[in-house]
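S.K.: One file: run.tsv (TSV, C-alpha atoms and all ligand atoms).
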chain	number	residue	atom	x	y	z
A	1	MET	CA	-5.63	29.65	-9.18
A	2	THR	CA	-6.41	25.99	-8.68
A	3	PRO	CA	-10.17	25.47	-8.53
A	4	GLU	CA	-11.56	23.84	-5.40
A	5	LEU	CA	-12.60	20.24	-5.66
A	6	SER	CA	-16.30	19.58	-5.77
A	7	SER	CA	-17.79	18.23	-2.57
A	8	ARG	CA	-17.74	14.50	-1.93
A	9	PRO	CA	-20.67	12.63	-3.49
A	10	LYS	CA	-23.27	11.50	-0.97
A	11	GLY	CA	-22.90	7.98	0.30
A	12	THR	CA	-19.22	7.66	-0.59
A	13	ALA	CA	-17.36	5.93	2.23
A	14	ILE	CA	-13.95	7.39	2.99
A	15	ALA	CA	-11.98	6.29	6.03
A	16	ALA	CA	-10.86	8.94	8.50
A	17	ALA	CA	-9.23	11.63	6.43
A	18	PRO	CA	-5.64	12.36	7.43
A	19	ALA	CA	-4.85	15.40	9.59
A	20	GLY	CA	-3.69	18.47	7.67
A	21	PRO	CA	-4.44	19.28	4.06
A	22	PRO	CA	-4.43	16.17	1.87
A	23	VAL	CA	-1.39	15.68	-0.33
A	24	ILE	CA	-3.27	13.44	-2.73
A	25	GLU	CA	-6.94	14.08	-3.38
A	26	ALA	CA	-9.12	12.32	-5.92
A	27	ARG	CA	-12.87	12.74	-6.33
A	28	GLY	CA	-15.16	10.66	-8.47
A	29	LEU	CA	-12.37	9.39	-10.72
A	30	VAL	CA	-13.60	7.38	-13.68
A	31	LYS	CA	-11.70	5.88	-16.59
A	32	ARG	CA	-13.42	4.26	-19.54
A	33	TYR	CA	-11.74	2.54	-22.44
A	34	GLY	CA	-14.51	2.49	-25.03
A	35	ALA	CA	-17.36	0.58	-23.43
A	36	ALA	CA	-15.08	-0.96	-20.78
A	37	VAL	CA	-14.87	0.75	-17.39
A	38	ALA	CA	-11.41	0.39	-15.83
A	39	VAL	CA	-12.09	2.76	-12.90
A	40	ALA	CA	-15.69	3.26	-11.90
A	41	GLY	CA	-15.59	6.19	-9.45
A	42	ILE	CA	-12.79	6.52	-6.94
A	43	ASP	CA	-12.41	8.88	-4.00
A	44	LEU	CA	-9.09	9.02	-2.21
A	45	GLU	CA	-7.44	11.32	0.32
A	46	VAL	CA	-3.89	10.78	1.49
A	47	GLY	CA	-1.99	12.99	3.94
A	48	ALA	CA	1.69	13.85	4.36
A	49	GLY	CA	3.79	11.00	5.70
A	50	GLU	CA	1.17	8.35	5.04
A	51	VAL	CA	2.03	5.08	3.32
A	52	VAL	CA	-1.10	3.77	1.63
A	53	GLY	CA	-1.16	0.35	0.00
A	54	LEU	CA	-3.20	-0.03	-3.17
A	55	LEU	CA	-4.36	-3.63	-3.20
A	56	GLY	CA	-6.74	-5.77	-5.15
A	57	PRO	CA	-6.94	-8.48	-7.79
A	58	ASN	CA	-5.51	-8.12	-11.30
A	59	GLY	CA	-7.57	-5.73	-13.35
A	60	ALA	CA	-9.19	-4.03	-10.34
A	61	GLY	CA	-8.04	-0.58	-11.49
A	62	LYS	CA	-4.93	0.18	-9.41
A	63	THR	CA	-2.56	0.97	-12.28
A	64	THR	CA	-5.18	3.01	-14.12
A	65	THR	CA	-5.76	5.04	-10.96
A	66	ILE	CA	-2.02	5.62	-10.56
A	67	LEU	CA	-1.76	6.77	-14.17
A	68	MET	CA	-4.59	9.27	-13.61
A	69	LEU	CA	-2.98	10.55	-10.39
A	70	LEU	CA	0.26	11.11	-12.27
A	71	GLY	CA	-1.49	12.80	-15.18
A	72	LEU	CA	-0.23	10.10	-17.55
A	73	THR	CA	-3.75	9.28	-18.65
A	74	GLU	CA	-6.74	11.57	-18.70
A	75	ALA	CA	-9.68	10.70	-16.47
A	76	SER	CA	-13.04	10.26	-18.20
A	77	ALA	CA	-14.58	12.01	-15.18
A	78	GLY	CA	-13.57	13.28	-11.77
A	79	GLN	CA	-10.76	15.39	-10.39
A	80	VAL	CA	-7.28	14.94	-9.00
A	81	ARG	CA	-5.13	17.27	-6.93
A	82	ILE	CA	-1.61	16.37	-5.90
A	83	LEU	CA	0.03	18.90	-3.58
A	84	GLY	CA	-2.80	21.17	-4.70
A	85	HIS	CA	-2.00	20.82	-8.41
A	86	ASP	CA	-4.01	19.33	-11.24
A	87	PRO	CA	-1.69	16.76	-12.92
A	88	LEU	CA	-3.20	17.39	-16.35
A	89	ARG	CA	-3.27	21.18	-16.26
A	90	GLU	CA	-0.08	21.68	-14.26
A	91	PRO	CA	2.04	18.71	-15.31
A	92	LEU	CA	5.39	20.37	-14.56
A	93	ALA	CA	4.43	21.30	-11.00
A	94	VAL	CA	3.33	17.71	-10.40
A	95	LYS	CA	6.32	16.09	-12.14
A	96	ARG	CA	8.70	18.20	-10.08
A	97	ARG	CA	7.46	16.94	-6.71
A	98	VAL	CA	5.94	13.55	-7.51
A	99	GLY	CA	8.06	10.51	-8.25
A	100	TYR	CA	6.97	7.25	-9.81
A	101	LEU	CA	8.96	4.07	-9.39
A	102	PRO	CA	7.62	1.49	-11.82
A	103	ASP	CA	8.06	-2.24	-11.47
A	104	GLN	CA	11.20	-2.08	-13.64
A	105	VAL	CA	13.10	1.16	-13.11
A	106	GLY	CA	14.81	2.31	-16.31
A	107	PHE	CA	18.37	3.67	-16.22
A	108	TYR	CA	21.14	4.24	-18.75
A	109	GLU	CA	22.89	0.91	-18.33
A	110	ALA	CA	26.28	2.02	-19.65
A	111	MET	CA	26.39	4.99	-17.31
A	112	THR	CA	27.37	4.83	-13.65
A	113	ALA	CA	24.89	5.37	-10.86
A	114	ARG	CA	26.28	8.86	-10.23
A	115	GLU	CA	26.16	9.74	-13.96
A	116	ASN	CA	22.53	8.59	-14.13
A	117	LEU	CA	21.63	10.87	-11.23
A	118	ALA	CA	23.63	13.76	-12.72
A	119	TYR	CA	21.77	13.32	-16.00
A	120	THR	CA	18.38	13.39	-14.25
A	121	ALA	CA	19.50	16.39	-12.19
A	122	ARG	CA	20.32	18.32	-15.38
A	123	LEU	CA	16.94	17.44	-16.87
A	124	ALA	CA	15.30	18.70	-13.67
A	125	GLY	CA	17.26	21.97	-13.92
A	126	ILE	CA	19.50	21.20	-10.94
A	127	ASP	CA	23.13	22.11	-11.71
A	128	GLY	CA	26.60	22.60	-10.33
A	129	SER	CA	27.40	22.28	-6.66
A	130	GLU	CA	23.70	21.99	-5.75
A	131	ALA	CA	23.39	18.91	-7.99
A	132	ALA	CA	26.59	17.40	-6.55
A	133	ARG	CA	25.38	18.01	-2.99
A	134	ARG	CA	21.97	16.49	-3.64
A	135	ILE	CA	23.38	13.48	-5.49
A	136	LEU	CA	25.79	12.66	-2.68
A	137	ALA	CA	23.09	13.07	-0.02
A	138	ALA	CA	20.70	10.82	-1.99
A	139	LEU	CA	23.34	8.15	-2.60
A	140	GLU	CA	24.23	8.18	1.10
A	141	ARG	CA	20.61	7.84	2.12
A	142	VAL	CA	20.11	4.71	-0.01
A	143	ARG	CA	23.60	3.39	0.81
A	144	LEU	CA	24.97	3.37	-2.73
A	145	VAL	CA	27.91	5.76	-2.28
A	146	GLU	CA	30.49	2.99	-2.49
A	147	VAL	CA	29.17	1.72	-5.82
A	148	ALA	CA	28.26	5.12	-7.29
A	149	GLY	CA	31.07	4.82	-9.86
A	150	ARG	CA	29.88	1.45	-11.17
A	151	ARG	CA	27.86	1.04	-14.33
A	152	VAL	CA	24.21	0.40	-13.64
A	153	SER	CA	24.38	-2.68	-15.90
A	154	THR	CA	26.23	-4.41	-13.03
A	155	PHE	CA	23.54	-3.54	-10.44
A	156	SER	CA	21.25	-6.08	-8.80
A	157	ARG	CA	17.51	-5.48	-8.74
A	158	GLY	CA	17.68	-4.29	-5.13
A	159	MET	CA	20.41	-1.76	-6.00
A	160	ARG	CA	18.35	-0.51	-8.95
A	161	GLN	CA	15.32	0.00	-6.71
A	162	ARG	CA	17.48	1.95	-4.24
A	163	LEU	CA	18.95	4.03	-7.08
A	164	GLY	CA	15.39	4.76	-8.21
A	165	ILE	CA	14.62	6.06	-4.73
A	166	ALA	CA	17.88	8.07	-4.74
A	167	GLU	CA	16.64	9.78	-7.89
A	168	LEU	CA	13.36	10.74	-6.19
A	169	LEU	CA	15.28	12.06	-3.17
A	170	MET	CA	17.67	14.00	-5.37
A	171	ARG	CA	14.69	15.66	-7.08
A	172	ASP	CA	13.25	16.44	-3.63
A	173	CYS	CA	9.96	14.65	-4.37
A	174	ARG	CA	7.27	14.96	-1.70
A	175	VAL	CA	5.12	12.15	-3.07
A	176	VAL	CA	6.24	8.80	-4.40
A	177	ILE	CA	4.21	6.13	-6.10
A	178	LEU	CA	5.76	2.68	-6.05
A	179	ASP	CA	4.61	-0.22	-8.20
A	180	GLU	CA	5.49	-3.64	-6.73
A	181	PRO	CA	8.68	-2.22	-5.21
A	182	THR	CA	9.85	-5.48	-3.65
A	183	SER	CA	8.95	-8.00	-6.35
A	184	GLY	CA	11.97	-10.09	-7.25
A	185	LEU	CA	13.97	-8.89	-4.25
A	186	ASP	CA	15.58	-11.34	-1.83
A	187	PRO	CA	14.45	-11.15	1.83
A	188	GLN	CA	17.43	-9.01	2.88
A	189	SER	CA	16.94	-6.49	0.03
A	190	THR	CA	13.20	-6.46	0.78
A	191	ARG	CA	13.85	-5.59	4.43
A	192	GLU	CA	16.28	-2.83	3.42
A	193	LEU	CA	13.87	-1.31	0.93
A	194	LEU	CA	10.99	-1.39	3.40
A	195	ALA	CA	13.15	0.27	6.05
A	196	LEU	CA	14.00	2.96	3.51
A	197	ILE	CA	10.32	3.51	2.65
A	198	ARG	CA	9.47	3.80	6.35
A	199	SER	CA	12.23	6.36	6.87
A	200	LEU	CA	11.01	8.42	3.90
A	201	ALA	CA	7.51	8.48	5.38
A	202	ALA	CA	8.91	9.46	8.78
A	203	ASP	CA	10.41	12.49	7.03
A	204	GLY	CA	6.96	13.45	5.74
A	205	MET	CA	7.10	11.85	2.28
A	206	THR	CA	3.72	10.57	1.11
A	207	VAL	CA	3.89	7.09	-0.35
A	208	LEU	CA	1.41	5.15	-2.46
A	209	LEU	CA	2.41	1.56	-2.96
A	210	SER	CA	0.74	-0.89	-5.28
A	211	SER	CA	1.48	-4.52	-4.49
A	212	HIS	CA	0.13	-8.05	-4.35
A	213	MET	CA	2.59	-8.94	-1.59
A	214	LEU	CA	0.37	-8.52	1.42
A	215	ASP	CA	3.02	-9.30	4.03
A	216	VAL	CA	5.15	-6.50	2.59
A	217	VAL	CA	2.24	-4.10	2.50
A	218	GLU	CA	1.34	-4.90	6.08
A	219	THR	CA	4.77	-4.04	7.46
A	220	VAL	CA	4.98	-0.64	5.82
A	221	CYS	CA	1.51	0.78	5.13
A	222	THR	CA	-0.44	2.98	7.52
A	223	ARG	CA	-3.65	2.32	5.55
A	224	VAL	CA	-4.74	0.00	2.78
A	225	ALA	CA	-7.11	0.72	-0.10
A	226	LEU	CA	-8.82	-2.39	-1.45
A	227	PHE	CA	-9.67	-2.04	-5.12
A	228	ASN	CA	-12.53	-4.14	-6.39
A	229	ARG	CA	-13.92	-3.90	-9.92
A	230	GLY	CA	-12.82	-0.33	-10.48
A	231	ARG	CA	-13.81	1.01	-7.06
A	232	ILE	CA	-12.20	1.33	-3.65
A	233	GLY	CA	-14.24	-1.10	-1.60
A	234	PHE	CA	-12.45	-0.24	1.61
A	235	ILE	CA	-9.79	2.20	2.81
A	236	GLY	CA	-8.40	2.23	6.32
A	237	THR	CA	-6.20	0.31	8.73
A	238	VAL	CA	-6.00	-3.48	8.77
A	239	GLU	CA	-7.80	-3.47	12.15
A	240	ALA	CA	-10.59	-1.32	10.72
A	241	LEU	CA	-10.85	-3.70	7.78
A	242	ALA	CA	-11.12	-6.72	10.07
A	243	ALA	CA	-13.74	-4.97	12.22
A	244	ARG	CA	-15.76	-3.82	9.22
A	245	ILE	CA	-16.04	-7.21	7.52
A	246	GLY	CA	-16.77	-9.19	10.66
A	247	GLY	CA	-14.81	-12.13	11.91
A	248	GLY	CA	-13.08	-10.13	14.63
A	249	VAL	CA	-9.90	-8.16	14.95
A	250	TYR	CA	-8.17	-10.75	17.15
A	251	VAL	CA	-7.12	-14.30	16.47
A	252	ILE	CA	-6.62	-16.58	19.47
A	253	GLU	CA	-4.76	-19.78	18.76
A	254	VAL	CA	-5.62	-22.64	21.09
A	255	GLU	CA	-4.14	-26.08	21.58
A	256	ALA	CA	-6.09	-28.10	24.11
A	257	ASP	CA	-7.32	-31.64	24.69
A	258	ALA	CA	-10.82	-30.57	23.75
A	259	GLY	CA	-12.86	-32.69	21.38
A	260	ASP	CA	-15.47	-30.06	20.66
A	261	LEU	CA	-14.13	-26.59	21.42
A	262	PRO	CA	-16.98	-24.75	19.66
A	263	ALA	CA	-19.49	-26.41	22.01
A	264	LEU	CA	-17.36	-25.64	25.08
A	265	LEU	CA	-17.11	-21.97	24.14
A	266	SER	CA	-20.69	-21.55	23.00
A	267	GLY	CA	-22.35	-18.40	24.30
A	268	LEU	CA	-19.06	-16.65	25.06
A	269	ASP	CA	-19.57	-13.04	24.09
A	270	GLY	CA	-17.19	-11.67	21.45
A	271	ILE	CA	-16.44	-14.90	19.63
A	272	GLU	CA	-17.00	-14.72	15.88
A	273	ALA	CA	-15.75	-18.14	14.77
A	274	VAL	CA	-13.97	-21.23	16.08
A	275	ILE	CA	-12.08	-22.94	13.28
A	276	PRO	CA	-10.09	-26.19	13.54
A	277	THR	CA	-6.53	-25.94	12.19
A	278	ALA	CA	-4.66	-28.52	10.14
A	279	HIS	CA	-2.46	-29.32	13.15
A	280	GLY	CA	-5.25	-30.39	15.49
A	281	GLY	CA	-5.54	-27.00	17.20
A	282	TRP	CA	-8.12	-24.26	16.93
A	283	GLN	CA	-8.17	-20.71	15.69
A	284	ILE	CA	-10.69	-18.43	17.35
A	285	GLU	CA	-11.69	-15.17	15.70
A	286	ALA	CA	-12.79	-12.69	18.33
A	287	ARG	CA	-13.78	-9.08	18.80
A	288	ALA	CA	-11.69	-8.77	21.99
A	289	ASP	CA	-8.86	-10.45	23.87
A	290	LEU	CA	-10.82	-13.38	25.32
A	291	ARG	CA	-7.88	-15.47	26.51
A	292	ALA	CA	-8.84	-15.31	30.19
A	293	ALA	CA	-12.48	-16.28	29.55
A	294	ILE	CA	-11.45	-19.12	27.23
A	295	ALA	CA	-8.93	-20.45	29.74
A	296	ARG	CA	-11.58	-20.35	32.49
A	297	ARG	CA	-14.05	-22.37	30.41
A	298	LEU	CA	-11.44	-25.00	29.63
A	299	VAL	CA	-10.19	-25.27	33.22
A	300	GLU	CA	-13.77	-25.52	34.54
A	301	ALA	CA	-14.36	-28.37	32.11
A	302	GLY	CA	-11.18	-30.09	33.34
A	303	ILE	CA	-9.49	-29.81	29.96
A	304	ALA	CA	-5.71	-29.53	29.62
A	305	LEU	CA	-4.68	-26.32	27.86
A	306	HIS	CA	-1.34	-26.37	26.04
A	307	THR	CA	-1.26	-23.11	24.08
A	308	LEU	CA	-3.28	-19.90	24.16
A	309	ASP	CA	-1.81	-17.22	21.91
A	310	LEU	CA	-3.26	-13.91	20.87
A	311	ARG	CA	-2.45	-12.01	17.69
A	312	ARG	CA	-4.03	-9.38	15.51
A	313	VAL	CA	-5.72	-10.43	12.28
A	314	ARG	CA	-3.19	-10.37	9.46
A	315	LEU	CA	-3.80	-8.40	6.31
A	316	ASP	CA	-3.92	-11.55	4.17
A	317	GLU	CA	-6.74	-12.93	6.37
A	318	ALA	CA	-8.74	-9.70	6.33
A	319	TYR	CA	-8.11	-9.32	2.58
A	320	GLY	CA	-9.31	-12.88	1.97
A	321	ARG	CA	-12.50	-12.29	3.94
A	322	PHE	CA	-13.14	-8.98	2.19
A	323	PHE	CA	-12.95	-10.46	-1.29
A	324	GLU	CA	-14.92	-13.60	-0.33
A	325	GLU	CA	-17.69	-11.28	0.84
A	326	ALA	CA	-17.36	-8.99	-2.19
A	327	ASP	CA	-17.52	-11.95	-4.60
A	328	ARG	CA	-20.57	-13.34	-2.80
A	329	ASP	CA	-22.34	-9.99	-3.11
A	330	ALA	CA	-21.39	-9.55	-6.79
A	401	LIG	N1	-5.12	0.85	-22.32
A	401	LIG	C1	-6.17	0.08	-22.00
A	401	LIG	N2	-7.11	-0.21	-22.90
A	401	LIG	C2	-8.17	-0.97	-22.57
A	401	LIG	N3	-8.38	-1.50	-21.34
A	401	LIG	C3	-7.46	-1.26	-20.40
A	401	LIG	C4	-6.31	-0.45	-20.66
A	401	LIG	N4	-5.59	-0.38	-19.52
A	401	LIG	C5	-6.25	-1.10	-18.60
A	401	LIG	N5	-7.38	-1.63	-19.12
A	401	LIG	C6	-8.36	-2.46	-18.41
A	401	LIG	O1	-8.75	-1.77	-17.25
A	401	LIG	C7	-8.95	-2.65	-16.16
A	401	LIG	C8	-8.12	-2.19	-14.99
A	401	LIG	O2	-6.74	-2.43	-15.27
A	401	LIG	P1	-5.55	-2.00	-14.32
A	401	LIG	O3	-4.28	-2.28	-15.06
A	401	LIG	O4	-5.77	-0.63	-13.83
A	401	LIG	O5	-5.71	-3.02	-13.13
A	401	LIG	P2	-4.70	-3.33	-11.93
A	401	LIG	O6	-5.54	-3.32	-10.69
A	401	LIG	O7	-3.55	-2.42	-11.97
A	401	LIG	O8	-4.23	-4.81	-12.25
A	401	LIG	P3	-2.82	-5.54	-11.95
A	401	LIG	O9	-2.88	-5.96	-10.53
A	401	LIG	O10	-2.85	-6.68	-12.89
A	401	LIG	O11	-1.73	-4.56	-12.24
A	401	LIG	C9	-8.60	-4.04	-16.68
A	401	LIG	O12	-9.79	-4.68	-17.04
A	401	LIG	C10	-7.75	-3.76	-17.89
A	401	LIG	O13	-7.87	-4.78	-18.84
Show the structure stored in the file as structure tokens.

M.R.:
Amino acid sequence: MTPELSSRPKGTAIAAAPAGPPVIEARGLVKRYGAAVAVAGIDLEVGAGEVVGLLGPNGAGKTTTILMLLGLTEASAGQVRILGHDPLREPLAVKRRVGYLPDQVGFYEAMTARENLAYTARLAGIDGSEAARRILAALERVRLVEVAGRRVSTFSRGMRQRLGIAELLMRDCRVVILDEPTSGLDPQSTRELLALIRSLAADGMTVLLSSHMLDVVETVCTRVALFNRGRIGFIGTVEALAARIGGGVYVIEVEADAGDLPALLSGLDGIEAVIPTAHGGWQIEARADLRAAIARRLVEAGIALHTLDLRRVRLDEAYGRFFEEADRDA
């Protein structure tokens, strides 16, 4: 029987745990390479159907964490359960249901897409009509049926990524870990791959995605985990990140004939910052939708208002603020 995980260490911040039993669970994960600490104590809980982005600067510990989750490297301390299994003690159970799509997916280049999947199916112990049925369903899902008889050596990077996902589908994986899945893809292939990832999650697949492409992460991830010097400094939604680090969840973009907007808006509750833009406008960071109050102030002051747009803070902005703060505190 799989031993229970030890209780969470005191003082460890974990964002709202997903409903239902976690699919991925890590407690106090540490990885040392000699005297160097690559991962300094990570706690992570991910539920079915979640897409969690693993973000952070180079060397922050994302890849090392992924390797420990997959059982490809042994943790120096801590525990991992994936679908209730320990990746080191029960590697076959984990390999069967967990797929990993590295940056460069490896295939047999001289074999066709269908032959590659048939080969993997055999290795996974899937044979005969069951293999044929699964291969066709997977190829259909990633829209590669038409080119299934072509050698993989003729495939574009986008097609290779989709074939990689077809392999995970064919094996009936419940968890997939993707490393920079859209790097090197053109905008159209990127959109297609992201739509595919979203549809997998909608079917209950749990996805971990490591990427430096924040716009990509933002469109597909339900939560983000910000890695900083071997720890997860934050995990949660982009809105929660913006709220936690200050600076407001909303951005209000203003174009007005105001010389000194900060002075005009002074004392307005909920404003975090008023920043001039390069185009002569202003960007207001706020804790609430303050458009009406801002408009009133400007009208009362007899100032012409040209634009007043509201948007949510983008991940790249919240990410930037998080690491500015983290670097200041370091
Ligand atoms: N096999 C190894 N031997 C020694 N040090 C290692 C090894 N693998 C990783 N490290 C170190 O561990 C730290 C974390 O590396 P890791 O690759 O996990 O970071 P990362 O967040 O994935 O970075 P990137 O965004 O560049 O992929 C780095 O300082 C790295 O140099």

S.K.: Pick out the residues no farther than 6 Å from ligand LIG 401 (chain A), counting all atoms listed in the file, and list them as a list of chain:residue names.

M.R.: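 Answer in the requested format: A:Tyr33, A:Ala38, A:Pro57, A:Asn58, A:Gly59, A:Ala60, A:Gly61, A:Lys62, A:Thr63, A:Thr64.
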
S.K.: Would you mind listing, for every residue of range 246-271 of chain A within 7 Å of range 303-324 of chain A, the two atoms forming the shortest contact and the distance between them in Å to one decimal, using all atoms listed in the file, sorted by chain and ascending residue number, as CSV?

M.R.:
residue,atom,partner,partner_atom,distance
A:Val249,CA,A:Val313,CA,5.5
A:Tyr250,CA,A:Arg312,CA,4.7
A:Val251,CA,A:Arg311,CA,5.3
A:Ile252,CA,A:Leu310,CA,4.5
A:Glu253,CA,A:Asp309,CA,5.0
A:Val254,CA,A:Leu308,CA,4.7
A:Glu255,CA,A:Thr307,CA,4.8
A:Ala256,CA,A:Leu305,CA,4.4
A:Asp257,CA,A:Ala304,CA,5.6
A:Ala258,CA,A:Ile303,CA,6.4

S.K.: Give me a file of those residues, with C-alpha atoms, as an mmCIF file, keeping the file's coordinate frame.

M.R.:
data_model
loop_
_atom_site.group_PDB
_atom_site.id
_atom_site.type_symbol
_atom_site.label_atom_id
_atom_site.label_comp_id
_atom_site.auth_asym_id
_atom_site.auth_seq_id
_atom_site.Cartn_x
_atom_site.Cartn_y
_atom_site.Cartn_z
ATOM 1 C CA VAL A 249 -9.900 -8.160 14.950
ATOM 2 C CA TYR A 250 -8.170 -10.750 17.150
ATOM 3 C CA VAL A 251 -7.120 -14.300 16.470
ATOM 4 C CA ILE A 252 -6.620 -16.580 19.470
ATOM 5 C CA GLU A 253 -4.760 -19.780 18.760
ATOM 6 C CA VAL A 254 -5.620 -22.640 21.090
ATOM 7 C CA GLU A 255 -4.140 -26.080 21.580
ATOM 8 C CA ALA A 256 -6.090 -28.100 24.110
ATOM 9 C CA ASP A 257 -7.320 -31.640 24.690
ATOM 10 C CA ALA A 258 -10.820 -30.570 23.750
#

S.K.: Which distance in Å separates CA of Gly78 in chain A and CA of Arg27 in chain A, to one decimal?

M.R.: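 Atom-to-atom, CA of Gly78 in chain A and CA of Arg27 in chain A are spaced 5.5 Å apart.
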
S.K.: Go ahead and compute the interatomic distance for CA of Lys95 in chain A and CA of Gly28 in chain A, in Å to one decimal.

M.R.: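 These two atoms are separated by 22.5 Å.
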
S.K.: Smallest atom-to-atom distance to Leu193 in chain A: which of A:Thr222, A:Gln161, A:Ser266, A:Thr73, using all atoms listed in the file?

M.R.: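 Residue with the minimum atom-to-atom distance to Leu193 in chain A: A:Gln161.
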